[in-house]
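Q: One structure coming up, written as structure tokens, with questions to follow.
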Amino acid sequence: MKSKDKKDIQRQIFEEIRKELPSRFELARTVSKILDVSTDSVYRRIRGEKDISLKELIILCKHFNLSFDKYMQDSSDAISFYYPPLRYSDPDNYISYSESLLKFIKSIWNIKEKECVMLLSDIPIVHLGRYKELALFKSFISSNKSYGNDDFNSYIEHAENMRVTSNLSELTKVYSTMPTIEIWTETTIDPTLQALKLYYKAGYFTDPTQALIICNQLTLLINNLEEWIEKGHKNIDPTNSAIKVYLSNNNCETDLFFLQSGPIKLNCFKLSTFNSITSSDPVFCSDTERFIEEQVKDQATLLNEVPKTECTQFFNKMREKISATVD
């Protein structure tokens with residue numbers, strides 16, 4: 001997005017917020033408390049000296065019930081993406097990144113009307129919180145090049161310092177209380193199995209039982225997903241945790257998460273297990289929404305509605321792949 005457009009957006013949103021505030025409330029102090037920044041920092045945003053971030057825009061729109069799309073209208077073909085930097089080798093950066101991600105997801109899902117659609121080429125991060133070794137292995141794959149681990153064992157201590165499993169556990173808890181639509185394929189677990197075999201053969205597992213534990217946890221994940229499909233929800237609250245799982249005939253090349261919460265629409269593209277870029281461009285979001293609808297309509301089967309034997313057949317294929325990896 002062009003610099004001029006950003007300044008226009010900031011000017012517009014602060015004008016709207018000023019209208020929403022009672023006369024006794026001061027704009028800078030109010031926004032300072034909402035964004036948890038200094039009043040001086042808010043004044044710099046009001047004057048256009050500092051750009052307002054996508055995350056801040058979302059928070060303000062949600063707090064004041066403003067139309068998010070209204071501020072993202074742009075006539076050019078260029079769109080902007082939100083990309084928080086993630087450095088796997090820096091525990092402090094990793095912790096702040098994961099905590100920021102968790103806070104962001106919680107803020108989105110506090111809105112009553114919400115929907116999340118996941119088009120999956122790999123196991124999504126929200127499923128990992130229940131399975132410690134599997135979660136650590138997926139983190140290990142993502143961070144190995146930057147951290148330079150000699151083996152999986154040496155990484156575990158590093159991961160504990162970064163609170164990988166505890167943060168993922170919190171993220172999974174949030175996921176388990178929200179409605180989702182997930183589009184899986186017969187190859188969704190393949191990247192994890194291929195990486196497991198590759199790293200095992202390369203000698204990264206000094207303790208072979210850990211690789212077997214990861215295989216077992218993959219099976220538990222698949223069994224759990226099958227159980228959810230049969231029930232139609234993820235936990236004891238069927239209203240707020242409904243799940244629909246589609247089996248797509250079109251293998252995805254990347255993971256796509258489409259989030260809609262009230263007036264807010266977001267596209268998230270996964271770069272690695274833990275990292276992603278996000279866009280709220282209205283045209284881009286509409287095109288993505290249309291693309292997902294076409295995928296579901298023309299190339300996918302809703303497993304919640306097929307005979308149980310057909311659903312079991314899909315999961316048996318994945319279990320067979322896991323068994324072959326164990327062998």
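A note on labels: chains of the structure tokens are A, B, ... as shown, every chain counts residues from 1, and ligands are counted from 1 in their shown order.
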Near region 177-181 of chain A, within 12 Å and counting only C-alpha atoms, which residues show up once chain neighbours fewer than 6 positions away are dropped, as a ChimeraX atom specification?

A: /A:105-106,108-120,126,170-171,228-229,232-247,256-261,292-293,296,302-304

Q: Based on the backbone DSSP call, show me all residues of region 80-320 of chain A assigned strand (DSSP E or B), as a VMD selection string.

A: chain A and resid 82 114 to 119 180 to 184 233 242 to 248 256 to 261 264 to 270 276 to 279 300 to 302

Q: Hey, can you spit out that residue selection with C-alpha atoms as a short mmCIF file (atom, residue, chain, number, x, y, z; two decimals), in the first residue's frame?

A:
```
data_model
loop_
_atom_site.label_atom_id
_atom_site.label_comp_id
_atom_site.auth_asym_id
_atom_site.auth_seq_id
_atom_site.Cartn_x
_atom_site.Cartn_y
_atom_site.Cartn_z
CA TYR A 82 1.58 -8.07 7.94
CA LYS A 114 -16.57 -15.87 13.75
CA GLU A 115 -15.39 -18.45 11.27
CA CYS A 116 -12.05 -20.03 10.45
CA VAL A 117 -11.42 -22.00 7.25
CA MET A 118 -8.15 -23.92 6.89
CA LEU A 119 -6.89 -25.26 3.57
CA THR A 180 -13.62 -24.35 12.26
CA ILE A 181 -13.87 -25.68 8.73
CA GLU A 182 -10.83 -27.73 7.75
CA ILE A 183 -9.98 -28.94 4.25
CA TRP A 184 -7.64 -31.93 4.40
CA HIS A 233 -17.59 -30.82 17.53
CA ALA A 242 -18.28 -27.16 15.79
CA ILE A 243 -15.96 -28.71 13.22
CA LYS A 244 -16.49 -29.60 9.58
CA VAL A 245 -13.79 -31.53 7.75
CA TYR A 246 -13.64 -31.75 3.98
CA LEU A 247 -11.55 -34.19 1.99
CA SER A 248 -10.23 -32.40 -1.09
CA LEU A 256 -4.14 -21.04 3.77
CA PHE A 257 -6.11 -19.78 6.74
CA PHE A 258 -9.12 -17.57 6.11
CA LEU A 259 -10.43 -15.83 9.22
CA GLN A 260 -13.65 -13.89 9.48
CA SER A 261 -14.67 -12.27 12.73
CA ILE A 264 -12.85 -8.33 9.94
CA LYS A 265 -11.55 -10.66 7.22
CA LEU A 266 -7.98 -11.91 7.17
CA ASN A 267 -5.91 -14.16 4.93
CA CYS A 268 -2.97 -16.00 6.50
CA PHE A 269 -0.41 -17.84 4.39
CA LYS A 270 1.92 -20.20 6.21
CA SER A 276 3.06 -16.65 8.33
CA ILE A 277 2.13 -13.50 6.44
CA THR A 278 -1.29 -11.91 6.78
CA SER A 279 -3.35 -9.64 4.55
CA ALA A 300 -14.17 -31.76 -1.84
CA THR A 301 -16.30 -34.19 0.15
CA LEU A 302 -17.72 -33.27 3.56
#
```

Q: Could you pull out all residues of region 239-289 of chain A with a DSSP call of alpha helix (DSSP H) and give them as a list in words?

A: Pro282, Val283, Phe284, Cys285, Ser286, Asp287, Thr288 and Glu289 of chain A

Q: Please provide the set of residues having any atom within 9 Å of Lys197 (chain A), restricted to only C-alpha atoms, with same-chain residues fewer than 5 positions apart removed, written as a PDB file with N, CA and C atoms, in the first residue's frame.

A:
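Written output follows (result.pdb):
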```pdb
ATOM      1  N   THR A 192       5.178 -34.167   7.196  1.00  0.00           N
ATOM      2  CA  THR A 192       5.709 -34.540   8.511  1.00  0.00           C
ATOM      3  C   THR A 192       6.377 -35.908   8.460  1.00  0.00           C
ATOM      4  N   ALA A 202      19.299 -39.268   8.579  1.00  0.00           N
ATOM      5  CA  ALA A 202      20.456 -38.377   8.665  1.00  0.00           C
ATOM      6  C   ALA A 202      21.113 -38.401  10.047  1.00  0.00           C
ATOM      7  N   ALA A 211      11.494 -40.949  17.756  1.00  0.00           N
ATOM      8  CA  ALA A 211      10.860 -40.973  16.437  1.00  0.00           C
ATOM      9  C   ALA A 211       9.600 -41.825  16.463  1.00  0.00           C
ATOM     10  N   THR A 325       5.948 -45.924   8.057  1.00  0.00           N
ATOM     11  CA  THR A 325       7.074 -45.139   8.570  1.00  0.00           C
ATOM     12  C   THR A 325       7.668 -45.791   9.804  1.00  0.00           C
TER      13      THR A 325
END
```

Q: So that I can see what lies close to Tyr94 (chain A), please list as a list in words the residues with an atom at most 12 Å from it, counting only C-alpha atoms and leaving out residues fewer than 5 positions away in the same chain.

A: Pro84, Pro85, Leu86, Arg87, Tyr88, Ser89, Glu99, Ser100, Leu101, Ser139, Ser143, His158, Ala159, Glu160, Asn161, Met162, Arg163, Val164, Asn167, Phe274 and Asn275 of chain A

Q: Report, in Å with one decimal, the straight-line distance from CA of Ser32 (chain A) to CA of Leu102 (chain A).

A: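 These two atoms are separated by 21.1 Å.
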
Q: Kindly indicate which residue among A:Glu186, A:Glu226, A:Glu320, A:Asp150 lies nearest to Gly203 (chain A), using only C-alpha atoms for the distances.

A: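 Checking each of A:Glu186, A:Glu226, A:Glu320, A:Asp150 against Gly203 (chain A), counting only C-alpha atoms, the winner is A:Asp150.
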
Q: Of the residues A:Ile214, A:Tyr97, A:Leu57, A:Lys103, which is the one nearest to Ala135 (chain A), using only C-alpha atoms?

A: A:Ile214

Q: To one decimal place, how far is CA of Asn153 (chain A) from CA of Ile95 (chain A) in Å?

A: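 Computing the Euclidean distance for CA of Asn153 (chain A) and CA of Ile95 (chain A) yields 20.3 Å.
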
Q: With only C-alpha atoms as the counted atoms, please give the residues lying no more than 10 Å from region 38-49 of chain A, apart from itself and same-chain residues fewer than 5 positions off, as a list in words.

A: Lys4, Lys6, Lys7, Asp8, Ile9, Gln10, Arg11, Gln12, Ile13, Phe14, Glu15, Leu27, Ala28, Arg29, Thr30, Val31, Ser32 and Lys33 of chain A

Q: Quick one: write out the picked residues with all heavy atoms as a compact mmCIF listing (two decimals), in the first residue's frame?

A:
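Contents of the output file out34.txt:
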```
# COMPACT_ATOMS: atom_id res chain seq x y z
N LYS A 4 0.95 7.34 0.97
CA LYS A 4 -0.15 8.30 1.06
C LYS A 4 -1.42 7.61 1.55
O LYS A 4 -2.18 8.14 2.35
CB LYS A 4 -0.39 8.93 -0.30
CG LYS A 4 -1.53 9.94 -0.36
CD LYS A 4 -1.65 10.54 -1.74
CE LYS A 4 -2.80 11.55 -1.81
NZ LYS A 4 -4.09 10.92 -1.58
N LYS A 6 -1.64 4.98 3.48
CA LYS A 6 -1.51 4.69 4.91
C LYS A 6 -1.87 5.91 5.74
O LYS A 6 -2.56 5.83 6.74
CB LYS A 6 -0.08 4.25 5.23
CG LYS A 6 0.25 2.84 4.75
CD LYS A 6 1.65 2.46 5.21
CE LYS A 6 1.99 1.04 4.78
NZ LYS A 6 3.35 0.64 5.21
N LYS A 7 -1.35 7.07 5.32
CA LYS A 7 -1.64 8.29 6.07
C LYS A 7 -3.13 8.62 6.02
O LYS A 7 -3.71 9.08 7.01
CB LYS A 7 -0.83 9.45 5.47
CG LYS A 7 0.69 9.27 5.55
CD LYS A 7 1.16 9.16 6.98
CE LYS A 7 2.68 9.00 7.07
NZ LYS A 7 3.14 7.69 6.64
N ASP A 8 -3.77 8.38 4.87
CA ASP A 8 -5.21 8.62 4.75
C ASP A 8 -5.98 7.71 5.69
O ASP A 8 -6.95 8.14 6.34
CB ASP A 8 -5.68 8.38 3.31
CG ASP A 8 -5.20 9.47 2.36
OD1 ASP A 8 -4.83 10.56 2.87
OD2 ASP A 8 -5.21 9.25 1.14
N ILE A 9 -5.56 6.44 5.77
CA ILE A 9 -6.23 5.48 6.65
C ILE A 9 -6.11 5.93 8.10
O ILE A 9 -7.09 5.93 8.85
CB ILE A 9 -5.63 4.07 6.47
CG1 ILE A 9 -6.04 3.48 5.11
CG2 ILE A 9 -6.09 3.14 7.60
CD1 ILE A 9 -5.34 2.18 4.79
N GLN A 10 -4.91 6.34 8.50
CA GLN A 10 -4.71 6.77 9.87
C GLN A 10 -5.54 8.00 10.19
O GLN A 10 -6.17 8.08 11.26
CB GLN A 10 -3.23 7.05 10.13
CG GLN A 10 -2.40 5.78 10.17
CD GLN A 10 -0.95 6.02 10.49
OE1 GLN A 10 -0.12 5.30 10.04
NE2 GLN A 10 -0.62 7.02 11.29
N ARG A 11 -5.56 8.95 9.26
CA ARG A 11 -6.36 10.15 9.49
C ARG A 11 -7.84 9.80 9.64
O ARG A 11 -8.52 10.27 10.55
CB ARG A 11 -6.16 11.12 8.32
CG ARG A 11 -7.00 12.39 8.41
CD ARG A 11 -6.79 13.27 7.18
NE ARG A 11 -7.04 12.54 5.95
CZ ARG A 11 -8.27 12.28 5.48
NH1 ARG A 11 -9.34 12.67 6.16
NH2 ARG A 11 -8.42 11.62 4.35
N GLN A 12 -8.33 8.93 8.77
CA GLN A 12 -9.74 8.54 8.80
C GLN A 12 -10.11 7.83 10.10
O GLN A 12 -11.13 8.14 10.73
CB GLN A 12 -10.07 7.64 7.61
CG GLN A 12 -10.03 8.34 6.27
CD GLN A 12 -10.16 7.34 5.12
OE1 GLN A 12 -10.71 6.26 5.28
NE2 GLN A 12 -9.63 7.70 3.96
N ILE A 13 -9.28 6.87 10.49
CA ILE A 13 -9.65 6.08 11.67
C ILE A 13 -9.62 6.90 12.94
O ILE A 13 -10.49 6.76 13.82
CB ILE A 13 -8.77 4.81 11.81
CG1 ILE A 13 -9.40 3.88 12.86
CG2 ILE A 13 -7.34 5.15 12.18
CD1 ILE A 13 -8.79 2.51 12.91
N PHE A 14 -8.66 7.82 13.07
CA PHE A 14 -8.61 8.65 14.27
C PHE A 14 -9.76 9.66 14.28
O PHE A 14 -10.27 10.00 15.36
CB PHE A 14 -7.26 9.35 14.40
CG PHE A 14 -6.15 8.43 14.84
CD1 PHE A 14 -5.01 8.24 14.06
CD2 PHE A 14 -6.26 7.73 16.04
CE1 PHE A 14 -4.01 7.39 14.47
CE2 PHE A 14 -5.24 6.87 16.45
CZ PHE A 14 -4.12 6.70 15.66
N GLU A 15 -10.18 10.11 13.13
CA GLU A 15 -11.37 10.98 13.07
C GLU A 15 -12.61 10.23 13.52
O GLU A 15 -13.45 10.76 14.25
CB GLU A 15 -11.55 11.52 11.65
CG GLU A 15 -10.55 12.60 11.25
CD GLU A 15 -10.76 13.08 9.82
OE1 GLU A 15 -11.67 12.54 9.14
OE2 GLU A 15 -10.01 13.98 9.38
N LEU A 27 -8.56 11.63 23.19
CA LEU A 27 -8.24 10.65 22.15
C LEU A 27 -6.93 9.92 22.44
O LEU A 27 -6.87 8.69 22.45
CB LEU A 27 -8.18 11.34 20.79
CG LEU A 27 -7.74 10.47 19.61
CD1 LEU A 27 -8.73 9.34 19.37
CD2 LEU A 27 -7.59 11.32 18.34
N ALA A 28 -5.86 10.68 22.65
CA ALA A 28 -4.54 10.08 22.81
C ALA A 28 -4.47 9.14 24.01
O ALA A 28 -3.94 8.03 23.92
CB ALA A 28 -3.47 11.16 22.92
N ARG A 29 -5.01 9.58 25.15
CA ARG A 29 -4.94 8.75 26.35
C ARG A 29 -5.78 7.48 26.20
O ARG A 29 -5.40 6.40 26.65
CB ARG A 29 -5.41 9.55 27.57
CG ARG A 29 -4.42 10.62 28.00
CD ARG A 29 -4.88 11.29 29.28
NE ARG A 29 -3.94 12.32 29.69
CZ ARG A 29 -4.12 13.10 30.77
NH1 ARG A 29 -5.21 12.93 31.53
NH2 ARG A 29 -3.22 14.01 31.08
N THR A 30 -6.93 7.61 25.56
CA THR A 30 -7.81 6.46 25.36
C THR A 30 -7.15 5.42 24.46
O THR A 30 -7.10 4.24 24.78
CB THR A 30 -9.15 6.90 24.73
OG1 THR A 30 -9.76 7.88 25.57
CG2 THR A 30 -10.09 5.72 24.59
N VAL A 31 -6.62 5.89 23.33
CA VAL A 31 -5.96 4.97 22.39
C VAL A 31 -4.70 4.38 23.01
O VAL A 31 -4.36 3.22 22.78
CB VAL A 31 -5.63 5.71 21.07
CG1 VAL A 31 -4.81 4.81 20.14
CG2 VAL A 31 -6.91 6.14 20.38
N SER A 32 -4.02 5.18 23.84
CA SER A 32 -2.82 4.70 24.52
C SER A 32 -3.12 3.49 25.39
O SER A 32 -2.38 2.50 25.39
CB SER A 32 -2.23 5.82 25.38
OG SER A 32 -1.21 5.33 26.23
N LYS A 33 -4.22 3.53 26.12
CA LYS A 33 -4.60 2.40 26.98
C LYS A 33 -5.01 1.19 26.15
O LYS A 33 -4.68 0.05 26.49
CB LYS A 33 -5.75 2.82 27.89
CG LYS A 33 -5.35 3.84 28.95
CD LYS A 33 -6.54 4.21 29.83
CE LYS A 33 -6.13 5.23 30.89
NZ LYS A 33 -7.29 5.62 31.74
```

Q: Calculate how many Å separate CA of Asn250 (chain A) from CA of Gly129 (chain A), rounding to one decimal.

A: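 Those two atoms sit 27.4 Å apart.
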